[in-house]
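Dropping input_21.cif in here (mmCIF, C-alpha atoms and all ligand atoms):
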```cif
data_coords
#
loop_
_atom_site.label_atom_id
_atom_site.label_comp_id
_atom_site.auth_asym_id
_atom_site.auth_seq_id
_atom_site.Cartn_x
_atom_site.Cartn_y
_atom_site.Cartn_z
CA MET A 22 -28.47 -11.67 -23.18
CA ARG A 23 -29.37 -13.17 -19.84
CA ILE A 24 -30.60 -10.26 -17.75
CA LEU A 25 -31.60 -10.23 -14.07
CA VAL A 26 -33.86 -7.42 -12.84
CA LEU A 27 -34.08 -6.86 -9.09
CA GLY A 28 -37.30 -5.47 -7.67
CA SER A 29 -41.02 -6.12 -7.67
CA GLY A 30 -42.80 -2.96 -8.79
CA ALA A 31 -44.38 -1.51 -11.90
CA ARG A 32 -41.04 0.17 -12.62
CA GLU A 33 -39.36 -3.24 -12.82
CA HIS A 34 -42.22 -4.57 -14.94
CA ALA A 35 -41.77 -1.59 -17.28
CA ILE A 36 -38.03 -2.31 -17.53
CA ILE A 37 -38.75 -5.94 -18.37
CA LEU A 38 -41.37 -4.98 -20.96
CA ALA A 39 -38.88 -2.58 -22.59
CA LEU A 40 -36.27 -5.36 -22.74
CA ARG A 41 -38.88 -7.71 -24.27
CA ALA A 42 -39.91 -5.05 -26.79
CA GLU A 43 -36.39 -5.07 -28.24
CA GLY A 44 -37.27 -8.41 -29.82
CA ALA A 45 -33.71 -9.57 -29.23
CA GLY A 46 -34.67 -12.83 -27.53
CA HIS A 47 -33.21 -11.93 -24.14
CA GLU A 48 -33.67 -14.39 -21.34
CA LEU A 49 -35.14 -12.39 -18.50
CA PHE A 50 -35.09 -13.17 -14.78
CA ALA A 51 -36.65 -11.19 -11.95
CA ALA A 52 -36.29 -11.29 -8.18
CA PRO A 53 -38.64 -11.15 -6.46
CA GLY A 54 -40.98 -9.88 -9.23
CA ASN A 55 -44.77 -10.13 -9.00
CA ALA A 56 -47.66 -11.93 -10.69
CA GLY A 57 -47.58 -9.62 -13.72
CA ILE A 58 -43.81 -9.84 -14.14
CA ALA A 59 -44.12 -13.65 -14.01
CA ALA A 60 -45.77 -13.54 -17.44
CA ASP A 61 -42.75 -11.77 -18.96
CA ALA A 62 -39.76 -13.12 -17.02
CA THR A 63 -38.71 -16.13 -14.96
CA LEU A 64 -39.10 -15.38 -11.28
CA VAL A 65 -36.16 -16.45 -9.13
CA ALA A 66 -37.74 -17.94 -6.06
CA ASP A 67 -36.15 -17.24 -2.71
CA LEU A 68 -33.43 -14.87 -3.91
CA ASP A 69 -33.17 -11.98 -1.44
CA GLN A 70 -32.66 -8.91 -3.62
CA ASN A 71 -31.01 -7.09 -0.70
CA ASP A 72 -28.39 -9.77 0.00
CA PRO A 73 -25.18 -8.90 -1.90
CA ALA A 74 -23.60 -12.35 -1.52
CA ALA A 75 -26.76 -14.20 -2.54
CA VAL A 76 -27.38 -12.04 -5.62
CA THR A 77 -23.75 -12.38 -6.69
CA ALA A 78 -23.78 -16.15 -6.25
CA TYR A 79 -26.99 -16.46 -8.25
CA ALA A 80 -25.74 -14.17 -11.05
CA ASN A 81 -22.61 -16.29 -11.33
CA GLU A 82 -24.40 -19.61 -11.34
CA ALA A 83 -27.06 -18.47 -13.78
CA ARG A 84 -24.45 -16.89 -16.08
CA ILE A 85 -26.21 -13.52 -15.97
CA ASP A 86 -24.79 -10.99 -18.47
CA LEU A 87 -26.33 -7.90 -16.88
CA VAL A 88 -28.02 -7.12 -13.56
CA ILE A 89 -30.40 -4.15 -13.45
CA ILE A 90 -31.21 -2.92 -9.96
CA GLY A 91 -34.67 -1.35 -9.73
CA PRO A 92 -35.22 -0.12 -6.15
CA GLU A 93 -32.98 1.83 -3.78
CA ALA A 94 -32.80 -0.76 -1.00
CA PRO A 95 -30.41 -3.19 -2.77
CA LEU A 96 -28.24 -0.22 -3.82
CA VAL A 97 -27.92 1.03 -0.26
CA ALA A 98 -27.29 -2.58 0.86
CA GLY A 99 -24.23 -2.75 -1.43
CA VAL A 100 -25.54 -5.25 -3.98
CA ALA A 101 -23.97 -3.37 -6.90
CA ASP A 102 -20.59 -3.23 -5.14
CA ALA A 103 -20.59 -7.00 -4.63
CA LEU A 104 -21.52 -7.72 -8.25
CA ARG A 105 -18.98 -5.26 -9.62
CA GLY A 106 -16.34 -6.75 -7.32
CA ARG A 107 -16.89 -10.11 -9.06
CA GLY A 108 -16.79 -8.57 -12.53
CA ILE A 109 -20.51 -9.02 -13.21
CA PRO A 110 -21.94 -6.12 -15.28
CA VAL A 111 -24.46 -4.24 -13.14
CA PHE A 112 -26.55 -1.17 -13.77
CA GLY A 113 -26.87 0.56 -10.42
CA PRO A 114 -24.51 2.60 -8.23
CA GLY A 115 -22.53 1.27 -5.31
CA ARG A 116 -23.51 1.97 -1.74
CA ALA A 117 -21.40 5.12 -1.46
CA ALA A 118 -22.77 6.82 -4.60
CA ALA A 119 -26.33 5.69 -3.75
CA GLN A 120 -26.09 8.01 -0.74
CA LEU A 121 -27.13 10.64 -3.25
CA GLU A 122 -30.61 9.25 -2.63
CA GLY A 123 -30.13 7.56 0.74
CA SER A 124 -29.04 10.73 2.53
CA LYS A 125 -30.51 14.12 1.75
CA ALA A 126 -27.64 15.77 3.63
CA PHE A 127 -25.10 13.93 1.45
CA ALA A 128 -26.97 15.06 -1.68
CA LYS A 129 -26.94 18.68 -0.52
CA ARG A 130 -23.21 18.53 0.19
CA VAL A 131 -22.43 17.06 -3.24
CA MET A 132 -24.60 19.68 -4.93
CA GLU A 133 -22.86 22.45 -3.07
CA ALA A 134 -19.42 21.07 -3.97
CA ALA A 135 -20.46 20.70 -7.62
CA GLY A 136 -22.08 24.14 -7.82
CA VAL A 137 -25.48 22.68 -8.68
CA PRO A 138 -28.51 24.92 -8.10
CA THR A 139 -30.79 23.70 -5.31
CA GLY A 140 -32.92 25.20 -2.54
CA ARG A 141 -31.40 26.29 0.73
CA ALA A 142 -31.64 23.72 3.51
CA THR A 143 -30.82 23.46 7.19
CA ARG A 144 -30.11 20.30 9.09
CA ALA A 145 -31.92 20.26 12.43
CA ARG A 146 -31.45 17.83 15.31
CA THR A 147 -33.62 19.41 18.00
CA ARG A 148 -37.10 20.90 18.19
CA ALA A 149 -35.59 24.34 18.75
CA GLU A 150 -33.41 24.03 15.63
CA VAL A 151 -36.44 22.94 13.60
CA GLU A 152 -38.45 25.93 14.83
CA ALA A 153 -35.67 28.36 14.05
CA ALA A 154 -35.31 27.00 10.52
CA LEU A 155 -39.07 26.97 9.86
CA ASP A 156 -39.23 30.62 10.83
CA ALA A 157 -36.13 31.56 8.86
CA TYR A 158 -37.52 30.15 5.58
CA GLY A 159 -41.18 30.98 6.23
CA ALA A 160 -44.25 29.21 4.79
CA PRO A 161 -44.91 26.99 2.91
CA HIS A 162 -42.76 24.73 5.06
CA VAL A 163 -40.76 21.77 3.76
CA VAL A 164 -39.45 19.16 6.20
CA LYS A 165 -37.68 15.97 5.13
CA ALA A 166 -36.48 12.88 6.95
CA ASP A 167 -32.78 12.38 6.27
CA GLY A 168 -32.90 8.82 4.99
CA LEU A 169 -34.92 6.47 2.85
CA ALA A 170 -38.58 6.86 3.71
CA ALA A 171 -40.34 5.42 0.63
CA GLY A 172 -41.75 8.77 -0.39
CA LYS A 173 -43.31 9.35 3.01
CA GLY A 174 -40.54 11.30 4.68
CA VAL A 175 -41.49 14.66 3.19
CA ILE A 176 -44.11 17.14 4.27
CA VAL A 177 -44.95 20.32 2.41
CA THR A 178 -47.45 22.41 4.35
CA SER A 179 -48.35 25.93 5.36
CA ASP A 180 -49.33 24.65 8.79
CA ARG A 181 -46.35 25.32 11.07
CA ASP A 182 -47.63 22.94 13.77
CA ALA A 183 -48.00 20.11 11.23
CA ALA A 184 -44.47 20.75 9.95
CA LEU A 185 -43.14 20.67 13.50
CA ALA A 186 -45.06 17.50 14.39
CA HIS A 187 -43.73 15.79 11.24
CA ALA A 188 -40.17 16.82 12.14
CA GLU A 189 -40.56 15.42 15.66
CA THR A 190 -41.42 11.95 14.37
CA TYR A 191 -38.01 11.80 12.66
CA LEU A 192 -35.78 13.72 15.11
CA SER A 193 -34.90 10.66 17.16
CA GLY A 194 -33.81 8.90 13.96
CA GLY A 195 -30.93 11.29 13.28
CA GLY A 196 -32.44 14.60 12.32
CA VAL A 197 -34.35 16.28 9.54
CA LEU A 198 -33.75 18.79 6.80
CA VAL A 199 -35.82 21.94 6.78
CA GLU A 200 -35.85 23.42 3.29
CA GLU A 201 -36.74 26.51 1.42
CA PHE A 202 -39.96 25.97 -0.58
CA LEU A 203 -39.30 25.91 -4.32
CA SER A 204 -42.19 27.09 -6.42
CA GLY A 205 -42.77 26.08 -10.04
CA PRO A 206 -43.56 23.13 -12.30
CA GLU A 207 -41.76 19.89 -11.50
CA VAL A 208 -39.89 17.73 -14.00
CA SER A 209 -38.33 14.30 -13.56
CA LEU A 210 -35.30 13.84 -15.80
CA PHE A 211 -33.35 10.57 -15.91
CA PHE A 212 -29.70 10.23 -16.87
CA VAL A 213 -27.98 6.97 -17.67
CA SER A 214 -24.41 7.27 -16.37
CA ASP A 215 -21.30 5.13 -16.65
CA GLY A 216 -19.55 7.15 -13.96
CA ASP A 217 -18.19 9.65 -16.46
CA THR A 218 -20.48 10.14 -19.47
CA VAL A 219 -24.23 10.76 -19.15
CA ARG A 220 -27.08 10.22 -21.60
CA ALA A 221 -30.42 11.85 -20.83
CA LEU A 222 -33.77 10.14 -21.32
CA SER A 223 -36.93 12.06 -22.23
CA PRO A 224 -38.44 14.14 -19.41
CA ALA A 225 -41.61 13.20 -17.56
CA GLN A 226 -43.91 14.69 -14.98
CA ASP A 227 -45.04 12.79 -11.92
CA PHE A 228 -48.18 13.33 -9.79
CA LYS A 229 -47.07 12.85 -6.20
CA ARG A 230 -50.18 13.71 -4.21
CA ALA A 231 -52.79 11.05 -3.55
CA TYR A 232 -55.87 12.89 -4.84
CA ASP A 233 -57.01 15.06 -7.74
CA ASP A 234 -55.90 18.69 -7.92
CA ASP A 235 -52.76 17.79 -5.95
CA GLN A 236 -54.70 17.30 -2.74
CA GLY A 237 -53.94 14.81 0.00
CA PRO A 238 -50.74 13.22 1.25
CA ASN A 239 -47.54 12.65 -0.74
CA THR A 240 -47.30 9.18 -2.26
CA GLY A 241 -44.73 7.25 -4.26
CA GLY A 242 -46.45 8.69 -7.36
CA MET A 243 -50.03 8.30 -8.70
CA GLY A 244 -49.42 8.83 -12.41
CA ALA A 245 -47.13 10.39 -14.99
CA TYR A 246 -46.87 11.55 -18.56
CA SER A 247 -44.13 12.09 -21.12
CA PRO A 248 -42.99 14.07 -23.08
CA LEU A 249 -43.61 17.57 -21.69
CA PRO A 250 -44.94 19.69 -24.56
CA TRP A 251 -44.90 22.85 -22.43
CA LEU A 252 -41.10 22.85 -22.28
CA ALA A 253 -41.22 24.33 -25.77
CA GLY A 254 -42.64 27.58 -24.42
CA ALA A 255 -40.13 28.06 -21.63
CA PHE A 256 -36.96 26.63 -23.20
CA GLY A 257 -37.47 26.43 -26.94
CA GLY A 258 -37.91 22.69 -26.73
CA GLU A 259 -37.08 19.48 -24.95
CA ASP A 260 -33.59 19.26 -26.45
CA GLU A 261 -32.64 22.70 -25.17
CA PHE A 262 -34.02 21.94 -21.72
CA VAL A 263 -32.23 18.59 -21.54
CA ALA A 264 -28.96 20.17 -22.70
CA GLU A 265 -29.16 22.80 -19.96
CA VAL A 266 -29.87 20.28 -17.20
CA THR A 267 -27.10 18.04 -18.49
CA ARG A 268 -24.61 20.90 -18.42
CA THR A 269 -25.61 22.56 -15.15
CA ILE A 270 -26.74 19.59 -13.07
CA ALA A 271 -26.03 16.04 -14.28
CA GLU A 272 -22.47 16.43 -15.52
CA PRO A 273 -21.22 18.44 -12.51
CA VAL A 274 -22.70 15.92 -10.06
CA ILE A 275 -21.28 12.92 -11.92
CA ARG A 276 -17.87 14.63 -12.09
CA GLN A 277 -18.00 15.46 -8.39
CA LEU A 278 -18.84 11.89 -7.37
CA ASP A 279 -16.06 10.58 -9.61
CA ALA A 280 -13.58 13.02 -8.07
CA GLU A 281 -14.60 11.79 -4.61
CA GLY A 282 -13.75 8.23 -5.63
CA THR A 283 -17.38 7.10 -5.69
CA PRO A 284 -18.32 7.04 -9.38
CA PHE A 285 -22.04 6.85 -10.11
CA ILE A 286 -22.79 4.00 -12.52
CA GLY A 287 -26.54 3.73 -12.94
CA LEU A 288 -29.58 5.93 -13.24
CA LEU A 289 -29.32 9.46 -11.94
CA TYR A 290 -32.86 10.71 -11.36
CA ALA A 291 -33.01 14.49 -11.13
CA GLY A 292 -36.19 15.81 -9.51
CA LEU A 293 -36.31 19.41 -10.73
CA VAL A 294 -38.36 22.53 -10.12
CA LEU A 295 -38.47 25.20 -12.79
CA THR A 296 -38.42 28.25 -10.55
CA GLU A 297 -38.49 31.91 -11.51
CA HIS A 298 -34.79 31.90 -10.74
CA GLY A 299 -33.90 28.95 -12.94
CA ILE A 300 -33.91 25.16 -12.79
CA LYS A 301 -33.25 23.81 -9.29
CA VAL A 302 -32.87 20.33 -7.88
CA ILE A 303 -35.43 19.17 -5.29
CA GLU A 304 -33.92 15.73 -4.94
CA PHE A 305 -31.81 13.08 -6.59
CA ASN A 306 -32.65 9.43 -6.72
CA ALA A 307 -30.15 6.74 -7.57
CA ARG A 308 -32.59 4.62 -9.61
CA PHE A 309 -35.37 4.84 -12.16
CA GLY A 310 -38.44 6.73 -10.92
CA ASP A 311 -41.76 5.04 -10.42
CA PRO A 312 -44.19 5.71 -12.19
CA GLU A 313 -42.20 7.94 -14.61
CA THR A 314 -40.28 4.94 -15.97
CA GLN A 315 -43.54 3.44 -17.21
CA VAL A 316 -44.08 6.38 -19.61
CA VAL A 317 -40.44 7.12 -20.46
CA LEU A 318 -39.53 3.57 -21.42
CA ALA A 319 -42.81 3.13 -23.31
CA ARG A 320 -41.48 5.80 -25.71
CA LEU A 321 -37.84 4.60 -25.85
CA VAL A 322 -36.76 3.48 -29.33
CA THR A 323 -33.07 2.77 -28.59
CA PRO A 324 -32.60 -0.76 -27.19
CA LEU A 325 -32.61 -0.39 -23.40
CA SER A 326 -30.23 -3.32 -22.86
CA ARG A 327 -27.56 -1.72 -25.05
CA LEU A 328 -27.78 1.56 -23.17
CA LEU A 329 -27.60 -0.03 -19.72
CA LEU A 330 -24.86 -2.50 -20.67
CA SER A 331 -22.77 0.35 -22.10
CA ALA A 332 -23.18 2.21 -18.82
CA ALA A 333 -22.30 -0.88 -16.78
CA GLY A 334 -19.23 -1.45 -18.96
CA GLY A 335 -18.01 2.14 -18.89
CA HIS A 336 -18.34 2.89 -22.59
CA LEU A 337 -21.42 5.07 -22.75
CA GLU A 338 -19.51 7.66 -24.78
CA ASP A 339 -19.82 5.30 -27.76
CA GLU A 340 -23.62 5.51 -27.55
CA PRO A 341 -25.55 8.20 -29.41
CA ALA A 342 -28.28 10.10 -27.58
CA PRO A 343 -31.21 7.73 -26.91
CA ALA A 344 -34.10 8.08 -29.37
CA PHE A 345 -37.74 8.42 -28.34
CA ALA A 346 -41.03 8.03 -30.19
CA GLU A 347 -43.03 11.23 -30.58
CA ALA A 348 -46.07 9.48 -29.10
CA ALA A 349 -47.79 10.81 -25.98
CA ALA A 350 -47.58 8.42 -23.03
CA VAL A 351 -49.80 8.53 -19.94
CA THR A 352 -49.81 6.23 -16.95
CA VAL A 353 -52.36 6.08 -14.15
CA VAL A 354 -51.78 4.17 -10.92
CA LEU A 355 -54.53 2.05 -9.43
CA ALA A 356 -54.14 2.14 -5.64
CA SER A 357 -55.64 0.03 -2.88
CA GLU A 358 -58.20 1.44 -0.48
CA GLY A 359 -56.40 3.34 2.26
CA TYR A 360 -53.20 4.02 0.26
CA PRO A 361 -50.89 5.68 1.24
CA GLU A 362 -51.66 5.60 4.98
CA ALA A 363 -52.95 2.06 5.49
CA PRO A 364 -53.53 0.10 2.28
CA VAL A 365 -56.01 -2.76 2.42
CA THR A 366 -54.47 -5.79 0.69
CA GLY A 367 -55.60 -9.28 -0.31
CA ARG A 368 -58.57 -8.21 -2.48
CA VAL A 369 -59.28 -9.73 -5.88
CA ILE A 370 -58.55 -7.77 -9.09
CA ASP A 371 -60.68 -8.38 -12.18
CA GLY A 372 -60.97 -7.12 -15.74
CA LEU A 373 -57.28 -6.97 -16.69
CA ASP A 374 -57.72 -8.74 -20.03
CA ALA A 375 -60.37 -6.27 -21.12
CA ALA A 376 -58.20 -3.37 -19.94
CA ALA A 377 -55.13 -4.61 -21.81
CA SER A 378 -57.13 -5.05 -25.00
CA VAL A 379 -57.82 -1.30 -25.30
CA ASP A 380 -55.79 0.11 -28.23
CA GLY A 381 -52.37 1.40 -27.23
CA VAL A 382 -52.69 0.16 -23.64
CA HIS A 383 -50.53 -2.16 -21.59
CA LEU A 384 -50.41 -2.92 -17.90
CA ALA A 385 -47.46 -2.80 -15.54
CA HIS A 386 -48.03 -4.68 -12.31
CA ALA A 387 -46.83 -3.18 -9.04
CA ALA A 388 -48.19 -5.31 -6.21
CA THR A 389 -50.05 -8.36 -7.40
CA ALA A 390 -49.95 -12.07 -6.59
CA GLU A 391 -51.78 -15.22 -7.64
CA GLN A 392 -53.86 -16.73 -4.88
CA ASP A 393 -56.05 -19.77 -5.43
CA GLY A 394 -56.29 -19.02 -9.14
CA ALA A 395 -57.23 -15.37 -8.62
CA LEU A 396 -55.13 -12.23 -8.90
CA VAL A 397 -54.98 -10.27 -5.64
CA ALA A 398 -53.56 -6.90 -4.62
CA THR A 399 -50.62 -7.18 -2.24
CA GLY A 400 -49.74 -3.54 -1.64
CA GLY A 401 -50.68 0.11 -1.93
CA ARG A 402 -49.84 0.83 -5.55
CA VAL A 403 -51.34 -2.18 -7.30
CA LEU A 404 -50.80 -1.64 -10.99
CA ASN A 405 -50.28 0.93 -13.70
CA VAL A 406 -52.34 1.38 -16.80
CA VAL A 407 -49.97 2.72 -19.48
CA ALA A 408 -51.40 4.22 -22.67
CA LEU A 409 -49.75 5.56 -25.81
CA GLY A 410 -51.56 7.82 -28.25
CA ASN A 411 -50.89 10.25 -31.05
CA THR A 412 -52.00 13.02 -28.72
CA PHE A 413 -52.35 13.35 -24.96
CA PHE A 414 -56.08 13.54 -25.46
CA GLU A 415 -56.03 10.11 -27.10
CA ALA A 416 -53.58 8.56 -24.62
CA ARG A 417 -55.61 9.80 -21.66
CA GLU A 418 -58.89 8.61 -23.11
CA ARG A 419 -57.37 5.15 -23.64
CA ALA A 420 -55.83 4.99 -20.17
CA TYR A 421 -59.06 5.89 -18.42
CA ARG A 422 -61.16 3.61 -20.64
CA ALA A 423 -58.86 0.72 -19.71
CA LEU A 424 -59.00 1.67 -16.04
CA GLY A 425 -62.79 1.56 -16.26
CA GLU A 426 -62.55 -2.14 -17.13
CA ILE A 427 -60.66 -2.99 -13.94
CA SER A 428 -62.38 -3.78 -10.69
CA LEU A 429 -60.76 -3.84 -7.26
CA GLU A 430 -63.02 -3.16 -4.30
CA GLY A 431 -62.30 0.15 -2.57
CA SER A 432 -59.51 1.10 -4.99
CA HIS A 433 -58.80 4.67 -6.00
CA HIS A 434 -56.92 6.52 -8.72
CA ARG A 435 -56.47 10.11 -9.81
CA THR A 436 -58.72 11.28 -12.62
CA ASP A 437 -56.61 14.28 -13.63
CA ILE A 438 -53.35 12.72 -14.83
CA ALA A 439 -52.12 14.72 -17.87
CA ALA A 440 -55.46 16.57 -17.99
CA ARG A 441 -53.79 19.93 -18.50
CA VAL A 442 -51.60 18.84 -21.42
CA ALA A 443 -54.54 17.05 -23.05
CA ARG A 444 -56.45 20.35 -23.12
CA ASP A 445 -53.64 22.54 -24.42
P1 LIG A 501 -38.90 14.40 -2.34
O1 LIG A 501 -39.13 13.11 -1.61
O2 LIG A 501 -37.72 15.15 -1.87
O3 LIG A 501 -38.95 14.18 -3.82
O4 LIG A 501 -40.20 15.29 -2.12
C1 LIG A 501 -41.46 14.84 -2.53
C2 LIG A 501 -42.24 15.99 -3.13
O5 LIG A 501 -42.40 17.04 -2.18
C3 LIG A 501 -41.57 16.65 -4.32
O6 LIG A 501 -41.81 16.01 -5.53
C4 LIG A 501 -42.19 18.02 -4.29
O7 LIG A 501 -43.48 18.01 -4.86
C5 LIG A 501 -42.31 18.29 -2.83
N1 LIG A 501 -41.13 19.01 -2.36
C6 LIG A 501 -40.01 18.48 -1.82
N2 LIG A 501 -39.11 19.43 -1.52
C7 LIG A 501 -39.65 20.60 -1.89
C8 LIG A 501 -39.21 21.96 -1.86
N3 LIG A 501 -38.03 22.30 -1.33
N4 LIG A 501 -40.03 22.90 -2.35
C9 LIG A 501 -41.23 22.56 -2.86
N5 LIG A 501 -41.71 21.32 -2.91
C10 LIG A 501 -40.94 20.34 -2.44
N1 LIG A 502 -41.85 9.07 -8.69
C1 LIG A 502 -40.98 9.41 -7.66
C2 LIG A 502 -39.93 8.46 -7.35
O1 LIG A 502 -39.74 7.46 -8.02
O2 LIG A 502 -39.24 8.68 -6.39
#
```

Produce structure tokens that represent the structure in this file.
Amino acid sequence: MRILVLGSGAREHAIILALRAEGAGHELFAAPGNAGIAADATLVADLDQNDPAAVTAYANEARIDLVIIGPEAPLVAGVADALRGRGIPVFGPGRAAAQLEGSKAFAKRVMEAAGVPTGRATRARTRAEVEAALDAYGAPHVVKADGLAAGKGVIVTSDRDAALAHAETYLSGGGVLVEEFLSGPEVSLFFVSDGDTVRALSPAQDFKRAYDDDQGPNTGGMGAYSPLPWLAGAFGGEDEFVAEVTRTIAEPVIRQLDAEGTPFIGLLYAGLVLTEHGIKVIEFNARFGDPETQVVLARLVTPLSRLLLSAAGGHLEDEPAPAFAEAAAVTVVLASEGYPEAPVTGRVIDGLDAAASVDGVHLAHAATAEQDGALVATGGRVLNVVALGNTFFEARERAYRALGEISLEGSHHRTDIAARVARD
């Protein structure tokens, strides 16, 4: 197949590596991609991934059989609608269904209509409304911008003044949501959907805070692991957990969106908290998660292209449940100095060949470019080391050994990714 992947992060690199790993001889194209992706796909120069007309024209000309949309911005820009309108198979929801991620208020309304368990939330447009809601729910406080904010729109804090200050930076932009704090372990669970049928992938856990022991600011994600062995204790096993989330969360939401005339064809990302009172949704995303995709797809045995093409074509019900390797997968993000607040870019990265030669390790590039024959960092999250092992202990040891081979001045990474499951 000729497949075009939109996006430029480690998630997109992981998607491309999974397509390559099928060994089916796909011809892969990426826009805009990055220096790492360039080794595994043809980069399409000058194609604006957020321009529906341009992407559609290119897909037509290049006889693309399937477009996979990585990030949220092209979804919200209506790229999937334009492609679908021209009959080009695309994995990614249209603008209306992508509001599930683009607007937290929309997501809350859909969940309420579908009877999906989530925390209580109040929309606030003034300082007084924010204060009233903060006091009604009590600490810890959760305040979210109501729109796409690249993982930076959320604050979780016990400091009421900090919560209020955060809210004020977003009030002029249309308001914020003040939420009830949900306490418990978090799980990211991905569902491939054709608008009607869903197929769950294997669960993962993401590490959102910048520093070890979940300290520091929220980020796009600093590492992840999959599967989650501890689900066995609470639910009997991964299959039981996945079945419950499918029944109580994914299927009702997909049915609701279909009933509203905005079917969701793409990746439904359920961000879940396992509270004392059951599984609740913290957020939905309308795309693969980053960095969870790097560990989930590393374990996927079913050909990814078949799954996504079936979803794009509306015949996912013909697909059996996706199969996953038992292996433990761990990914650690290497971040630039100053990430997430003010990443320093343009510095040279070294040691990638040595890192990639560690057993069971591969690299997924997030923000890299070639400059005068050297590889330089071009953003906050620079690359992911992804390691597979027979155990989490082995996968972790490999990931951190590989990371030790890489040099990037001032860079930082978490040292505790999957530490708890490696000990258990
Ligand atoms: P979000 O962008 O909505 O995924 O939020 C980012 C992170 O903030 C989540 O992964 C949680 O760790 C945390 N968070 C968001 N909402 C809540 C909540 N209602 N209760 C507890 N933690 C939350
Ligand atoms: N890892 C969180 C996200 O992709 O939104």

Polymer residues at most 12 Å from (-21.5, -5.0, -4.3) by only C-alpha atoms, as a ChimeraX atom specification: /A:70-78,88,90,95-119

Selection near range 367-377 of chain A, 9 Å with all atoms listed in the file, sequence-local residues under 4 positions removed, as a ChimeraX atom specification: /A:357,381-384,389-390,392,395-400,406,420,422-430

Which of A:Gly244, A:Pro250, A:Gly205, A:Gly310 sits closest to Asp437 in chain A [using all atoms listed in the file]: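 Closest candidate: A:Gly244.
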
Selection within 10 Å of ligand LIG 502 (chain A) by all atoms listed in the file, output as a ChimeraX atom specification: /A:32,92-93,122,171-172,209,225-229,240-245,290-292,304-314

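Counting only C-alpha atoms, the residue from A:Ile176, A:Ala385, A:Ala83, A:Val137 that sits nearest to Ile37 in chain A is A:Ala385.
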
Could you check which residues have any atom within 7 Å of (-44.0, 24.6, 4.9), counting only C-alpha atoms with coordinates taken straight from the file, and then list them as a PDB file with C-alpha atoms, in the coordinates of the input?
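Okay, part.pdb is ready:
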```pdb
ATOM      1  CA  ALA A 160     -44.250  29.210   4.790  1.00  0.00           C
ATOM      2  CA  PRO A 161     -44.910  26.990   2.910  1.00  0.00           C
ATOM      3  CA  HIS A 162     -42.760  24.730   5.060  1.00  0.00           C
ATOM      4  CA  VAL A 163     -40.760  21.770   3.760  1.00  0.00           C
ATOM      5  CA  VAL A 177     -44.950  20.320   2.410  1.00  0.00           C
ATOM      6  CA  THR A 178     -47.450  22.410   4.350  1.00  0.00           C
ATOM      7  CA  SER A 179     -48.350  25.930   5.360  1.00  0.00           C
ATOM      8  CA  ASP A 180     -49.330  24.650   8.790  1.00  0.00           C
ATOM      9  CA  ARG A 181     -46.350  25.320  11.070  1.00  0.00           C
ATOM     10  CA  ALA A 184     -44.470  20.750   9.950  1.00  0.00           C
ATOM     11  CA  PHE A 202     -39.960  25.970  -0.580  1.00  0.00           C
TER      12      PHE A 202
END
```

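The interatomic distance for the pair CA of Phe414 in chain A and CA of Pro343 in chain A works out to 25.6 Å.
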
Might I get the box with edges along x, y and z of the file that holds all atoms of ligand LIG 501 (chain A) listed there, padded by 8 Å on every side, given as centre and edge lengths in Å to one decimal, as JSON?
```
{"center_x": -40.6, "center_y": 18.0, "center_z": -3.4, "size_x": 21.8, "size_y": 25.8, "size_z": 20.2}
```

Polymer residues at most 10 Å from Arg84 in chain A, only C-alpha atoms, same-chain spacing of 2 or more positions, as a list in words: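 Answer for this query is Met22, Arg23, Ile24, Leu25, Ala78, Tyr79, Ala80, Asn81, Glu82, Asp86, Leu87 and Ile109 of chain A.
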
Write the residues you've just listed into a file as a compact mmCIF listing (two decimals), in the coordinates of the input, and include C-alpha atoms for each of them.
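The resulting file, again38.txt, is reproduced below:
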```
# COMPACT_ATOMS: atom_id res chain seq x y z
CA MET A 22 -28.47 -11.67 -23.18
CA ARG A 23 -29.37 -13.17 -19.84
CA ILE A 24 -30.60 -10.26 -17.75
CA LEU A 25 -31.60 -10.23 -14.07
CA ALA A 78 -23.78 -16.15 -6.25
CA TYR A 79 -26.99 -16.46 -8.25
CA ALA A 80 -25.74 -14.17 -11.05
CA ASN A 81 -22.61 -16.29 -11.33
CA GLU A 82 -24.40 -19.61 -11.34
CA ASP A 86 -24.79 -10.99 -18.47
CA LEU A 87 -26.33 -7.90 -16.88
CA ILE A 109 -20.51 -9.02 -13.21
```

Proximity to ligand LIG 501 (chain A) - best of A:Leu64, A:Thr366, A:Lys129, A:Leu27, all atoms listed in the file: A:Lys129

Å distance separating CA of Asn411 in chain A from CA of Arg444 in chain A, one decimal place: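 Going from CA of Asn411 in chain A over to CA of Arg444 in chain A, I get 14.0 Å.
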